[in-house]
Amino acid sequence: MSSGAFSLDQLMELAGLSVSQALYKLSPPSSAPRVLIACGPGNNGGDGLVAARHLFHYGYKPTMYYPKQSKNEIYERLATQLRQLDIPFTEDFDKAAQQTDSIVDAIFGFSFSGEVREPFPKVIEALRDAKVPVLAVDAPSSWNIEDGPPDSGPGKGFMPDALISLTAPKPLVKWFKGRHFVGGRFLSQGVAAKYDLDVPKYEGIDQIVEVPVSELKL
């Protein structure tokens, strides 16, 4: 994306906006106002922080679970913006998960590899067992980008209700069974052609498109 002259915080803003629109499609605030957003310490968590701000302005009541808060200036500013809106932060994921209408999984994304470390194993197990819809950002947390869901560990059996692929779908979507969105309406035709990517047809002012996995290049 650096070839397109986009900065990290600009990409994060566009990604978070797409995430917020995907949740709006799944569970509008008129029927499901409470949303719990689980954020990891990296870029995926940053997308979740941005999404929370937009969701608040749409009329949702977000709650943040952000146990490993990054010291990077970008993430600190995003978290400060949420606190200025009086959006609550919680350290008790299980309790918050019992008091919400939907959950956004913004823990691990494209760059995840290796072992799931504390405090996230129990959180991912709770996501797997959640009784409310779960929207995963770019990748269900703990899934391998190439090989999909893990055969063991806390992510075994985790299949969120919806997934939003940012910029383009990752190979893991071949194993995904829920509703699938593509988001990030900023990819140029030149970049898409260079990497042989599909650019879906976005309608009106939408930043997302719901697309069956079978219709996309991976």
# chains A, B, ... in the order shown; residues from 1 in each chain; ligands from 1

call {"tool": "residues_around", "arguments": {"residues": "stretch 149-157 of chain A", "least_positions_apart": "4", "cutoff": "12 Å", "atoms": "only C-alpha atoms", "output": "NGL selection string"}}
result
:A and (108 or 113-130 or 139-145 or 171-177)

call {"tool": "select_by_dssp", "arguments": {"residues": "stretch 9-198 of chain A", "states": "strand (DSSP E or B)", "output": "PyMOL selection string"}}
result
chain A and resi 34-39+61-65+89-90+102-106+134-137+144+148+162-166+179-183

call {"tool": "write_last_selection", "arguments": {"atoms": "N, CA, C and O atoms", "output": "compact mmCIF listing (two decimals), in the first residue's frame"}}
result
# COMPACT_ATOMS: atom_id res chain seq x y z
N ARG A 34 -25.56 -2.65 21.49
CA ARG A 34 -24.36 -2.91 22.29
C ARG A 34 -23.36 -3.74 21.48
O ARG A 34 -23.71 -4.78 20.93
N VAL A 35 -22.11 -3.26 21.41
CA VAL A 35 -21.07 -3.99 20.69
C VAL A 35 -19.79 -4.01 21.51
O VAL A 35 -19.36 -2.98 22.04
N LEU A 36 -19.23 -5.19 21.65
CA LEU A 36 -17.96 -5.38 22.35
C LEU A 36 -16.87 -5.54 21.31
O LEU A 36 -16.99 -6.39 20.41
N ILE A 37 -15.83 -4.73 21.40
CA ILE A 37 -14.75 -4.74 20.41
C ILE A 37 -13.47 -5.20 21.09
O ILE A 37 -12.94 -4.51 21.98
N ALA A 38 -12.97 -6.38 20.69
CA ALA A 38 -11.75 -6.94 21.25
C ALA A 38 -10.58 -6.58 20.36
O ALA A 38 -10.55 -6.97 19.18
N CYS A 39 -9.63 -5.82 20.89
CA CYS A 39 -8.51 -5.30 20.11
C CYS A 39 -7.18 -5.90 20.56
O CYS A 39 -6.89 -5.95 21.77
N LYS A 61 -23.45 1.51 21.20
CA LYS A 61 -22.86 1.68 22.53
C LYS A 61 -21.68 0.72 22.63
O LYS A 61 -21.80 -0.39 23.15
N PRO A 62 -20.51 1.14 22.12
CA PRO A 62 -19.37 0.23 22.14
C PRO A 62 -18.71 0.12 23.51
O PRO A 62 -18.73 1.06 24.31
N THR A 63 -18.15 -1.05 23.77
CA THR A 63 -17.28 -1.30 24.91
C THR A 63 -15.98 -1.89 24.38
O THR A 63 -16.01 -2.76 23.50
N MET A 64 -14.85 -1.43 24.90
CA MET A 64 -13.55 -1.85 24.40
C MET A 64 -12.88 -2.85 25.32
O MET A 64 -12.83 -2.64 26.54
N TYR A 65 -12.39 -3.94 24.75
CA TYR A 65 -11.48 -4.84 25.46
C TYR A 65 -10.13 -4.70 24.77
O TYR A 65 -9.97 -5.12 23.63
N PHE A 89 -13.77 1.14 28.67
CA PHE A 89 -12.79 0.07 28.47
C PHE A 89 -12.97 -0.93 29.61
O PHE A 89 -13.11 -0.53 30.77
N THR A 90 -12.95 -2.21 29.29
CA THR A 90 -13.14 -3.25 30.31
C THR A 90 -11.95 -4.20 30.32
O THR A 90 -11.28 -4.40 29.30
N SER A 102 -23.36 -7.93 20.01
CA SER A 102 -22.45 -8.42 18.97
C SER A 102 -21.03 -8.17 19.42
O SER A 102 -20.77 -7.38 20.33
N ILE A 103 -20.09 -8.85 18.76
CA ILE A 103 -18.67 -8.72 19.10
C ILE A 103 -17.87 -8.53 17.82
O ILE A 103 -18.13 -9.18 16.80
N VAL A 104 -16.89 -7.64 17.87
CA VAL A 104 -15.93 -7.48 16.78
C VAL A 104 -14.60 -8.08 17.23
O VAL A 104 -14.04 -7.69 18.26
N ASP A 105 -14.11 -9.03 16.46
CA ASP A 105 -12.82 -9.67 16.72
C ASP A 105 -11.74 -8.94 15.94
O ASP A 105 -11.53 -9.18 14.75
N ALA A 106 -11.04 -8.03 16.62
CA ALA A 106 -9.94 -7.28 16.01
C ALA A 106 -8.65 -7.57 16.78
O ALA A 106 -7.86 -6.67 17.07
N VAL A 134 -20.44 -12.69 15.85
CA VAL A 134 -19.05 -12.24 15.90
C VAL A 134 -18.60 -11.88 14.49
O VAL A 134 -18.75 -12.67 13.55
N LEU A 135 -18.06 -10.67 14.35
CA LEU A 135 -17.49 -10.21 13.08
C LEU A 135 -15.97 -10.18 13.22
O LEU A 135 -15.44 -9.47 14.08
N ALA A 136 -15.27 -10.95 12.41
CA ALA A 136 -13.81 -10.98 12.45
C ALA A 136 -13.23 -9.99 11.44
O ALA A 136 -13.74 -9.86 10.32
N VAL A 137 -12.17 -9.32 11.84
CA VAL A 137 -11.52 -8.31 11.01
C VAL A 137 -10.33 -8.93 10.28
O VAL A 137 -9.32 -9.28 10.91
N ASN A 144 -4.50 -19.32 10.56
CA ASN A 144 -3.32 -19.11 9.72
C ASN A 144 -3.76 -18.50 8.39
O ASN A 144 -4.74 -18.95 7.80
N GLY A 148 -5.72 -21.54 7.14
CA GLY A 148 -7.04 -21.48 7.74
C GLY A 148 -7.09 -21.83 9.21
O GLY A 148 -6.15 -21.54 9.96
N ALA A 162 -19.32 -13.72 10.67
CA ALA A 162 -19.02 -12.88 9.51
C ALA A 162 -17.54 -12.54 9.52
O ALA A 162 -16.87 -12.54 10.57
N LEU A 163 -17.02 -12.24 8.34
CA LEU A 163 -15.63 -11.86 8.15
C LEU A 163 -15.58 -10.70 7.18
O LEU A 163 -16.26 -10.72 6.15
N ILE A 164 -14.79 -9.68 7.51
CA ILE A 164 -14.53 -8.62 6.54
C ILE A 164 -13.08 -8.70 6.12
O ILE A 164 -12.16 -8.58 6.95
N SER A 165 -12.84 -8.97 4.84
CA SER A 165 -11.49 -9.01 4.28
C SER A 165 -11.11 -7.60 3.84
O SER A 165 -11.83 -6.97 3.06
N LEU A 166 -10.00 -7.12 4.35
CA LEU A 166 -9.57 -5.75 4.05
C LEU A 166 -8.65 -5.73 2.84
O LEU A 166 -7.69 -6.51 2.77
N ARG A 179 -20.91 -15.15 6.57
CA ARG A 179 -21.08 -14.04 5.63
C ARG A 179 -19.74 -13.35 5.41
O ARG A 179 -18.99 -13.10 6.37
N HIS A 180 -19.45 -13.03 4.16
CA HIS A 180 -18.13 -12.50 3.82
C HIS A 180 -18.24 -11.14 3.13
O HIS A 180 -18.96 -11.00 2.15
N PHE A 181 -17.54 -10.16 3.70
CA PHE A 181 -17.49 -8.82 3.12
C PHE A 181 -16.06 -8.51 2.68
O PHE A 181 -15.09 -8.99 3.28
N VAL A 182 -15.94 -7.69 1.66
CA VAL A 182 -14.66 -7.10 1.27
C VAL A 182 -14.76 -5.60 1.53
O VAL A 182 -15.78 -4.98 1.20
N GLY A 183 -13.75 -5.02 2.13
CA GLY A 183 -13.78 -3.60 2.46
C GLY A 183 -12.46 -2.92 2.16
O GLY A 183 -11.42 -3.57 2.05

call {"tool": "select_by_dssp", "arguments": {"residues": "stretch 22-84 of chain A", "states": "helix (DSSP H, G or I)", "output": "ChimeraX atom specification"}}
result
/A:22-26,43-58,73-84

call {"tool": "write_last_selection", "arguments": {"atoms": "N, CA, C and O atoms", "output": "CSV table (one decimal), in the first residue's frame"}}
result
chain,number,residue,atom,x,y,z
A,22,ALA,N,-19.6,-2.9,7.9
A,22,ALA,CA,-19.9,-4.3,7.9
A,22,ALA,C,-20.8,-4.6,9.1
A,22,ALA,O,-21.8,-5.4,9.0
A,23,LEU,N,-20.4,-4.1,10.3
A,23,LEU,CA,-21.2,-4.4,11.4
A,23,LEU,C,-22.6,-3.8,11.3
A,23,LEU,O,-23.6,-4.4,11.7
A,24,TYR,N,-22.7,-2.6,10.7
A,24,TYR,CA,-24.0,-2.0,10.5
A,24,TYR,C,-24.9,-2.9,9.6
A,24,TYR,O,-26.1,-3.0,9.9
A,25,LYS,N,-24.3,-3.5,8.6
A,25,LYS,CA,-25.1,-4.4,7.7
A,25,LYS,C,-25.6,-5.6,8.5
A,25,LYS,O,-26.7,-6.1,8.3
A,26,LEU,N,-24.7,-6.1,9.4
A,26,LEU,CA,-25.1,-7.3,10.2
A,26,LEU,C,-26.1,-7.0,11.3
A,26,LEU,O,-27.0,-7.8,11.4
A,43,ASN,N,-1.9,-3.7,14.2
A,43,ASN,CA,-2.7,-3.0,13.3
A,43,ASN,C,-4.2,-3.4,13.3
A,43,ASN,O,-5.1,-2.7,13.1
A,44,ASN,N,-4.4,-4.8,13.5
A,44,ASN,CA,-5.8,-5.2,13.6
A,44,ASN,C,-6.5,-4.6,14.7
A,44,ASN,O,-7.7,-4.2,14.6
A,45,GLY,N,-5.8,-4.5,15.8
A,45,GLY,CA,-6.5,-3.8,17.0
A,45,GLY,C,-6.7,-2.3,16.6
A,45,GLY,O,-7.7,-1.7,17.1
A,46,GLY,N,-5.8,-1.7,15.9
A,46,GLY,CA,-6.0,-0.3,15.5
A,46,GLY,C,-7.3,-0.1,14.6
A,46,GLY,O,-8.0,0.8,14.8
A,47,ASP,N,-7.5,-1.1,13.7
A,47,ASP,CA,-8.7,-1.1,12.9
A,47,ASP,C,-9.9,-1.1,13.8
A,47,ASP,O,-10.9,-0.5,13.6
A,48,GLY,N,-9.9,-1.9,14.9
A,48,GLY,CA,-11.0,-2.0,15.8
A,48,GLY,C,-11.2,-0.7,16.6
A,48,GLY,O,-12.3,-0.3,16.8
A,49,LEU,N,-10.1,0.0,17.0
A,49,LEU,CA,-10.3,1.3,17.6
A,49,LEU,C,-10.9,2.3,16.7
A,49,LEU,O,-11.8,3.0,17.2
A,50,VAL,N,-10.5,2.3,15.5
A,50,VAL,CA,-11.2,3.3,14.5
A,50,VAL,C,-12.7,2.9,14.4
A,50,VAL,O,-13.5,3.8,14.4
A,51,ALA,N,-12.9,1.6,14.2
A,51,ALA,CA,-14.3,1.2,14.0
A,51,ALA,C,-15.2,1.6,15.2
A,51,ALA,O,-16.3,2.0,15.0
A,52,ALA,N,-14.7,1.5,16.4
A,52,ALA,CA,-15.4,1.9,17.6
A,52,ALA,C,-15.9,3.3,17.5
A,52,ALA,O,-17.0,3.7,17.9
A,53,ARG,N,-15.0,4.2,17.1
A,53,ARG,CA,-15.4,5.6,17.0
A,53,ARG,C,-16.5,5.8,16.0
A,53,ARG,O,-17.5,6.5,16.3
A,54,HIS,N,-16.4,5.2,14.8
A,54,HIS,CA,-17.5,5.4,13.9
A,54,HIS,C,-18.8,4.7,14.4
A,54,HIS,O,-19.9,5.3,14.2
A,55,LEU,N,-18.7,3.6,15.0
A,55,LEU,CA,-19.9,2.9,15.5
A,55,LEU,C,-20.6,3.8,16.6
A,55,LEU,O,-21.8,3.9,16.6
A,56,PHE,N,-19.8,4.4,17.4
A,56,PHE,CA,-20.4,5.3,18.4
A,56,PHE,C,-21.2,6.4,17.7
A,56,PHE,O,-22.3,6.7,18.2
A,57,HIS,N,-20.7,7.0,16.7
A,57,HIS,CA,-21.4,8.1,16.0
A,57,HIS,C,-22.6,7.6,15.2
A,57,HIS,O,-23.5,8.4,14.8
A,58,TYR,N,-22.6,6.3,14.9
A,58,TYR,CA,-23.8,5.7,14.2
A,58,TYR,C,-24.9,5.5,15.2
A,58,TYR,O,-26.0,5.2,14.8
A,73,GLU,N,2.3,6.0,19.0
A,73,GLU,CA,1.5,7.3,19.0
A,73,GLU,C,0.2,7.1,18.3
A,73,GLU,O,-0.8,7.7,18.8
A,74,ILE,N,0.2,6.4,17.2
A,74,ILE,CA,-1.1,6.3,16.4
A,74,ILE,C,-2.1,5.6,17.3
A,74,ILE,O,-3.3,6.1,17.4
A,75,TYR,N,-1.8,4.5,17.9
A,75,TYR,CA,-2.8,3.8,18.7
A,75,TYR,C,-3.2,4.5,20.0
A,75,TYR,O,-4.3,4.5,20.4
A,76,GLU,N,-2.2,5.2,20.6
A,76,GLU,CA,-2.5,6.0,21.8
A,76,GLU,C,-3.5,7.1,21.4
A,76,GLU,O,-4.4,7.4,22.2
A,77,ARG,N,-3.4,7.8,20.2
A,77,ARG,CA,-4.3,8.8,19.8
A,77,ARG,C,-5.7,8.2,19.6
A,77,ARG,O,-6.7,8.8,20.0
A,78,LEU,N,-5.7,7.1,19.0
A,78,LEU,CA,-7.0,6.4,18.7
A,78,LEU,C,-7.8,6.1,20.0
A,78,LEU,O,-9.0,6.3,20.1
A,79,ALA,N,-7.0,5.5,21.0
A,79,ALA,CA,-7.6,5.2,22.3
A,79,ALA,C,-8.1,6.5,23.0
A,79,ALA,O,-9.1,6.5,23.6
A,80,THR,N,-7.3,7.5,22.9
A,80,THR,CA,-7.7,8.8,23.6
A,80,THR,C,-9.0,9.3,23.0
A,80,THR,O,-9.8,9.8,23.7
A,81,GLN,N,-9.1,9.2,21.6
A,81,GLN,CA,-10.3,9.7,21.0
A,81,GLN,C,-11.6,8.9,21.5
A,81,GLN,O,-12.6,9.5,21.7
A,82,LEU,N,-11.4,7.6,21.8
A,82,LEU,CA,-12.5,6.9,22.4
A,82,LEU,C,-12.8,7.3,23.8
A,82,LEU,O,-14.0,7.4,24.2
A,83,ARG,N,-11.8,7.5,24.6
A,83,ARG,CA,-12.0,8.0,26.0
A,83,ARG,C,-12.7,9.3,26.0
A,83,ARG,O,-13.5,9.6,26.9
A,84,GLN,N,-12.4,10.2,25.1
A,84,GLN,CA,-13.0,11.5,25.0
A,84,GLN,C,-14.5,11.4,24.7
A,84,GLN,O,-15.3,12.3,25.0

call {"tool": "residues_around", "arguments": {"residues": "A:Glu203", "least_positions_apart": "5", "cutoff": "12 Å", "atoms": "only C-alpha atoms", "output": "list in words"}}
result
Gly183, Arg185, Ile208, Val209 and Glu210 of chain A

call {"tool": "atom_distance", "arguments": {"atom1": "atom CA of A:Asp161", "atom2": "atom CA of A:Pro67"}}
result
23.7 Å

call {"tool": "atom_distance", "arguments": {"atom1": "atom CA of A:Phe93", "atom2": "atom CA of A:Pro33"}}
result
17.7 Å
